Amino acid sequence: MKILRCLALLGLIATSAAAQPAPDSWGDIKNQLFKDAAIAEDNTFVSINAPSRAEDAALTPVTMTIHMPKGDARRVVKLSLVIDENPVPLAGAFTLGPKADVASIATRVRVNAYTNMRLIAQLSDGSLHMTKAYVKAAGGCSAPATKSLDAANKALGKMKLRVIADARPGRGDFVVMMRHPNNSGLQMDQLTRLYTPARYVDHLAVYQGDDLVFSVEGGISVSEDPNFRFDFARNGAKFLRVEASDIDNAHFHAAWPLDGGS
Amino acid sequence: MLLAATLVIVWSPLAPAATRVDFALQQIAPGVYAHQGAVAEADTINQGDIANLGVVIGARGVAVIDAGGSVEVGRRFLAAIRAVTDKPILYVVNTHEHPDHVFGDAAFLKTGAIFVGHKNLPRALAARGAFYLKRFRAILGDAAISEVRIVAPTLLVSDTTSLDLGDRKLMLKAWPPAHTDCDLTIYDSRTRTLFAGDLLFNDHLPVIDGSIKGWMKILDGLAAVPALRAVPGHGPLAEPWPAALNGERRYFDTLTRDIKAALAAGDDMRRAADAAAATERPKWRLFDAYNARNAADAYAEYEWDP
């Protein structure tokens, strides 16, 4: 029994020794994305919610929540989601529609390593506010790559809208889904020593009627079949519309009729 | 190394205390052998010896089924094969692309064996090989990973193929996306033994890295293989067939039911993944390591097509 316990302990030590903390990559990333702008570290306006362990490196859920203090006349105009240790750290830059009162956006990302995940909010006065979460990469066979490439390519561009039933009055809780392998193109082919070509969605915008709800300039950190769940103020529009494009210059459109709403 | 030796003393009372780690190769039918890997995640103690491996010996030579999760495991496996036969190794068949099955391939490079895989295996290795090497460096250490070679299969299976070992033929079948998108099974009709790769998990929670719907769809086709016994990719060997599939069938049904209910209720992925298939928890080892991940993948799949 003692031997077993001792071995278990050694096992634990071996495991934690392998789990090195992420190096500090933020300095360089910050300079690249925000130059010398001041970024306050606080979660007064936004929070980020990600699991402490990325169960699947290809599909890690992350939720960005906006909670402006009552009486504050400013609004969030832009959200930048950064995954420090990914090959391209900026996972998505979200522009929020001025009238959409977006309360949250949830998506799924690839996580390449033990990493900080950051959410930087730009308010309408130009100020920047950052909050972060630390995510441990999964072990085992988990890899940040497309799972069934043939299936992903077959339906490429297909979109779906899912309306969650119990949104608060006047608001919508919607999921916009798109079939796309979102190939990062950065993995070197170990057999040919060539890099596989990238093909990913670089732009996606959601409108209700003519009003922007949000748009996102996306990158390779967004999981295959990009998926965005968002909570927003309905404006009574009869249609929800999505415009998207990928780096192969393919354009995708979809629209769905909406019932009453607001 | 010292730790591994200690483990043998603890776990295997039959092993002489002075011997180096014994690599158990069990004869499960005439000319058919299998090694059971640890039901565990890869670590420095098991050196990646966590997948089951197989050997079929024919008059002409030998087919090896998977090579283990490190070159060291592959070498010990090869030594164990050499202890039972000196016939040439004709084929190394990889059942899919996961590191615990292919990282030992390099130990067989000098045997002259032909490497065999699903037609999608090269693509999967290309897309994931570099990441696996990097990731497993942290898990198994520099020395273990530096000697790993990602080996391209040269004999690809797109539907079915047979490998002639002289007095016996192995039937290889490539399956549509299920555990992964490059699953291959090997059937020895002479002894009616099926090497199911990771399409069959026993005791170890099944891991979904391809498509839960795809996997459920092929269960009947798998069950129709007229085998008497099957060697799973993980867990105790030589399970009666097709009863061996009952556990994973029940798990997939439960996971499907719970995920569909969570989607209907508007639960988000994390909430759904935390709660799904909880009734299965006492029935599997490594449930906590893999269930949430399976559930998240199932959520993404059923969200498209409930």
# chains A, B, ... in the order shown; residues from 1 in each chain; ligands from 1
$ closest_atom_pairs --of "chain B" --to "chain A" --cutoff "6 Å" --atoms "only C-alpha atoms" --output "CSV"
residue,atom,partner,partner_atom,distance
B:His98,CA,A:Cys141,CA,5.8
B:Ala126,CA,A:Asp189,CA,4.0
B:Ala127,CA,A:Gln187,CA,5.8
B:Ala138,CA,A:Ala18,CA,5.0
B:Ile139,CA,A:Ala18,CA,5.9
B:Asp181,CA,A:Ser148,CA,5.6
B:Gly210,CA,A:Lys147,CA,5.4
B:Gly266,CA,A:Ile164,CA,5.5
B:Arg293,CA,A:Glu55,CA,4.9
$ write_last_selection --atoms "N, CA and C atoms" --output "CSV table (one decimal), in the first residue's frame"
chain,number,residue,atom,x,y,z
B,98,HIS,N,-3.4,8.0,-33.7
B,98,HIS,CA,-3.1,8.5,-32.3
B,98,HIS,C,-1.7,8.0,-31.9
B,126,ALA,N,-0.2,14.0,-41.2
B,126,ALA,CA,0.3,15.3,-41.7
B,126,ALA,C,-0.3,16.4,-40.9
B,127,ALA,N,-1.6,16.4,-40.6
B,127,ALA,CA,-2.2,17.5,-39.9
B,127,ALA,C,-1.9,17.5,-38.4
B,138,ALA,N,6.3,17.2,-23.7
B,138,ALA,CA,6.0,17.6,-22.3
B,138,ALA,C,5.6,16.4,-21.5
B,139,ILE,N,5.0,15.4,-22.1
B,139,ILE,CA,4.4,14.3,-21.4
B,139,ILE,C,5.4,13.2,-21.2
B,181,ASP,N,-11.0,9.7,-38.2
B,181,ASP,CA,-11.4,9.5,-39.6
B,181,ASP,C,-10.4,8.6,-40.4
B,210,GLY,N,-13.6,11.6,-33.8
B,210,GLY,CA,-14.1,11.5,-35.2
B,210,GLY,C,-15.5,12.0,-35.3
B,266,GLY,N,-31.5,24.4,-24.2
B,266,GLY,CA,-30.7,25.6,-24.4
B,266,GLY,C,-29.4,25.7,-23.6
B,293,ARG,N,-14.9,15.8,-22.8
B,293,ARG,CA,-14.4,16.0,-24.1
B,293,ARG,C,-15.4,15.4,-25.1
$ residues_around --residues "Lys217 (chain B)" --least-positions-apart "6" --cutoff "12 Å" --atoms "only C-alpha atoms" --output "list in words"
Trp175, Pro176, Pro177, Ala178, His179, Leu199, Ser211, Ala223, Arg249, Phe252 and Asp253 of chain B
$ write_last_selection --atoms "C-alpha atoms" --output "PDB file, in the first residue's frame"
ATOM      1  CA  TRP B 175     -14.228   2.476 -41.776  1.00  0.00           C
ATOM      2  CA  PRO B 176     -15.917   5.846 -42.253  1.00  0.00           C
ATOM      3  CA  PRO B 177     -15.286   8.485 -39.505  1.00  0.00           C
ATOM      4  CA  ALA B 178     -15.974   7.041 -36.053  1.00  0.00           C
ATOM      5  CA  HIS B 179     -13.253   6.988 -33.362  1.00  0.00           C
ATOM      6  CA  LEU B 199     -13.348   1.134 -32.505  1.00  0.00           C
ATOM      7  CA  SER B 211     -17.858  11.349 -35.058  1.00  0.00           C
ATOM      8  CA  ALA B 223     -20.996  -6.574 -34.801  1.00  0.00           C
ATOM      9  CA  ARG B 249     -23.151   1.106 -27.329  1.00  0.00           C
ATOM     10  CA  PHE B 252     -23.067   6.343 -26.771  1.00  0.00           C
ATOM     11  CA  ASP B 253     -26.836   5.971 -26.330  1.00  0.00           C
TER      12      ASP B 253
END
$ select_by_dssp --residues "region 44-207 of chain A" --states "alpha helix (DSSP H)" --output "list in words"
Leu149, Asp150, Ala151, Ala152, Asn153 and Lys154 of chain A
